[in-house]
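Working notes, structure below.
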Amino acid sequence: MSLFQPEFTARTARVRVRFGVGASRLVADDVRALGCSRALILSTPQQVAAAMRTAEDLGPLAAGIFSKAAMHTPVEITAEAMAHVAEVRADCLVAVGGGSTTGLGKAIALRTDLPQVVIPTTYAGSEATPILGQTENGLKTTVTDDRVQPEVIIYDPDLVAGLPVPMTVTSALNAIAHAVEALYARDRNPLSSMLAMEGIRAFARALPQVVADPRDVAARGETLYGAWLCGTVLGQVGMALHHKLCHALGGSFNLPHAETHAVILPHAVAYTEPAVTDLLAPVAEVMGGATAGAALHAFAARMSAPMALRDLGLKEADLDRATEIATRNPYWNPRPVDPVPLRALLARAWAGEPPVA
Ligand code: NAD
């Protein structure tokens, strides 16, 4: 099927991407290329060792380490990091970690416009977008701003080689979700559709190899390549039902980010598929199934992904409120979002049942 469209507007970010095994060890070159000499390194408390290694690689260009990055970018932590930025007189940021660490770098960049180098260690894709989600008083808000887009991304397969298999699988499904929704985005263009399909293909091919042998650096490299493509499309086009549902479930019920994406994706796709069967046919083909929803469900099961919202901590009694929150602000989806089938979708996802159109 041709991806040609008779009319479109495309937007691409000015980002330098360096990809390769060991590429992260040359981070000093990237900091110098930005004209900077005082890098503040960011990480979560769990990834201090990775931050320390980056500090060693940066040598005299490392001005300090701030290792309190946390999920959903709480503004209190950003305020603490801002004080650290001032204290060490940082002139750039080097974030080493997953979406949470990247989020902290973006939050600082929004407030300071400092240039960012991101070294991703998951497949979440935040490094490739101008989008920042942050939380204040338990409320998550999203900002899209060019200051937030990192200037440099270093993809080093060595850094995802240690990502535990369950996180590898859920993070990969999180990435695949960006690409699947990009295929039917209202503002898609031929380039975004090409990137999305190639990203899905990379994961379909390489994720089973990584699950079989998590230290297979060549297969890790291909999954990271997929993460770059999927993250890039997330930064280029709008998302629909799947992302909105995950946002609602994560924001209001504190469900874990990547795991929620993994459970919801086949259900949201099966719901939407009747309206965009032609656009999702390549997904069914690449994943090997009669429909994209069924194929994604079977793929997730083969990868031993979590299959039920109840296993992530959602209570059955929360389903009505989840439906209400997810339908409160009507948003665009190829198949309009109706509370009755949406409640049924959530009930199936809660119980771990197969998706239904
Ligand atoms: P995460 O960054 O929260 O990481 C989860 C945990 O795994 C952390 O403790 C982290 O230190 C650890 N970890 C990360 N990489 C590891 C590795 N290689 N080995 C061992 N441990 C590792 O998880 P995530 O799924 O990458 O990011 C989720 C966050 O990113 C959410 O807040 C989400 O909203 C945000 N996000 C934002 C965008 C965007 O464009 N703004 C896109 C995707 C995700």
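Following the order of the structure tokens, chains are lettered A, B, ..., residues in each are numbered from 1, and ligands are numbered from 1.
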
Give me every strand (DSSP E or B) residue in stretch 74-246 of chain A, going by DSSP on the backbone, as a list of chain:residue names. A:Pro74, A:Cys92, A:Leu93, A:Val94, A:Ala95, A:Val96, A:Gly97, A:Gln116, A:Val117, A:Val118, A:Ile119, A:Pro120, A:Ile131, A:Leu132, A:Gly133, A:Gln134, A:Thr135, A:Glu136, A:Leu139, A:Lys140, A:Thr141, A:Thr142, A:Val143, A:Thr144, A:Val152, A:Ile153, A:Ile154, A:Tyr155

Counting only C-alpha atoms and all ligand atoms, what residues are within 6 Å of ligand 1, given as a list of chain:residue names? A:Thr44, A:Gln46, A:Gln47, A:Met71, A:His72, A:Gly97, A:Gly98, A:Gly99, A:Ser100, A:Thr101, A:Thr121, A:Thr122, A:Ala124, A:Gly125, A:Ser126, A:Thr129, A:Ile131, A:Leu132, A:Gly133, A:Leu159, A:Val160, A:Gly162, A:Leu163, A:Ser171, A:His257, A:Ala258

If you keep C-alpha atoms, can you produce a file of those selected residues as a compact mmCIF listing (two decimals), in the first residue's frame?
```txt
# COMPACT_ATOMS: atom_id res chain seq x y z
CA THR A 44 16.94 8.57 38.87
CA GLN A 46 18.17 3.80 40.72
CA GLN A 47 20.57 4.82 37.96
CA MET A 71 8.00 9.41 37.34
CA HIS A 72 5.64 12.10 35.97
CA GLY A 97 17.80 7.20 31.80
CA GLY A 98 14.22 6.56 30.73
CA GLY A 99 11.30 8.92 30.19
CA SER A 100 11.33 10.12 33.80
CA THR A 101 14.92 11.38 33.63
CA THR A 121 18.03 3.65 28.58
CA THR A 122 14.42 2.63 27.79
CA ALA A 124 9.79 5.35 25.86
CA GLY A 125 10.79 7.85 23.15
CA SER A 126 10.45 11.07 25.15
CA THR A 129 9.58 14.92 21.31
CA ILE A 131 6.36 17.35 24.81
CA LEU A 132 6.69 17.56 28.58
CA GLY A 133 4.27 16.08 31.10
CA LEU A 159 22.73 1.09 27.75
CA VAL A 160 19.51 -0.84 27.13
CA GLY A 162 20.69 -4.28 31.09
CA LEU A 163 17.03 -3.24 30.97
CA SER A 171 8.62 -0.21 27.22
CA HIS A 257 3.16 4.09 32.64
CA ALA A 258 4.65 1.46 30.31
```

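Distances from A:Val165, A:Ala298, A:Ala10, A:Ala248 to A:Gln209 were compared using only C-alpha atoms, and the smallest one belongs to A:Val165.
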
Closest pair table for stretch 181-228 of chain A residues within 12 Å of stretch 299-312 of chain A, only C-alpha atoms, as a tab-separated table:
```
residue	atom	partner	partner_atom	distance
A:Ile200	CA	A:Phe299	CA	11.7
A:Phe203	CA	A:Phe299	CA	10.5
A:Ala204	CA	A:Phe299	CA	8.2
A:Arg205	CA	A:Phe299	CA	11.1
A:Ala206	CA	A:Met303	CA	11.5
A:Leu207	CA	A:Met303	CA	8.1
A:Pro208	CA	A:Met303	CA	6.9
A:Gln209	CA	A:Met303	CA	10.3
A:Val210	CA	A:Met303	CA	10.0
A:Val211	CA	A:Met303	CA	7.1
A:Ala212	CA	A:Met303	CA	9.5
```

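Within 8 Å of stretch 31-42 of chain A there are A:Ala51, A:Thr54, A:Ala55, A:Pro60, A:Leu61, A:Ala62, A:Ala63, A:Gly64, A:Ile65, A:Phe66, A:Ser67, A:Lys68, A:Ala69, A:Val85, A:Val88, A:Arg89, A:Ala90, A:Asp91, A:Cys92, A:Leu93, A:Val94, A:Ala95, A:Val96, A:Thr101, A:Leu104, A:Gly105, A:Pro115, A:Val117, counting only C-alpha atoms and ignoring same-chain residues fewer than 5 positions away.
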
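Atom to atom, atom CA of A:Asn189 and atom CA of A:Ala107 stand 28.8 Å apart.
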
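Counting only C-alpha atoms, the residue from A:Val283, A:Ala177, A:Ala161, A:Leu265 that sits nearest to A:Ala295 is A:Val283.
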
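Considering the residues A:Pro334, A:Pro150, A:Gly313, A:Pro45 and counting only C-alpha atoms, A:Gly250 has its shortest atom-to-atom contact with A:Gly313.
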
Tell me, as a list in words, which residues lie within 8 Å of stretch 346-355 of chain A, counting only C-alpha atoms; anything in the same chain fewer than 5 positions away does not count. Val263, Ile264, Pro266, His267, Ala270, Gly293, Ala294, His297, Met307, Ala308, Leu309, Arg310, Leu314, Glu316, Leu319 and Thr323 of chain A

Expected file contents, prior selection, C-alpha atoms, as a JSON list (two decimals), in the first residue's frame:
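Full text of result-v9.json as output:
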```json
[["chain", "number", "residue", "atom", "x", "y", "z"],
["A", 263, "VAL", "CA", -2.35, -3.74, 28.50],
["A", 264, "ILE", "CA", -4.45, -1.10, 26.73],
["A", 266, "PRO", "CA", -4.61, -4.18, 21.71],
["A", 267, "HIS", "CA", -7.96, -3.07, 23.15],
["A", 270, "ALA", "CA", -9.38, -3.20, 18.22],
["A", 293, "GLY", "CA", -5.87, -5.62, 17.46],
["A", 294, "ALA", "CA", -5.71, -9.44, 17.52],
["A", 297, "HIS", "CA", -2.73, -8.98, 21.60],
["A", 307, "MET", "CA", -2.48, -8.49, 30.11],
["A", 308, "ALA", "CA", -4.87, -7.19, 32.80],
["A", 309, "LEU", "CA", -5.40, -3.80, 34.45],
["A", 310, "ARG", "CA", -6.39, -5.58, 37.65],
["A", 314, "LEU", "CA", -6.90, -0.93, 39.20],
["A", 316, "GLU", "CA", -13.16, -3.18, 39.39],
["A", 319, "LEU", "CA", -14.11, 1.20, 35.98],
["A", 323, "THR", "CA", -14.83, 5.61, 31.80]]
```

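Atom pair atom CA of A:Glu136 / atom CA of A:His261 has a distance of 22.6 Å (rounded to one decimal).
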
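Atom to atom, atom CA of A:Leu296 and atom CA of A:Thr223 stand 16.5 Å apart.
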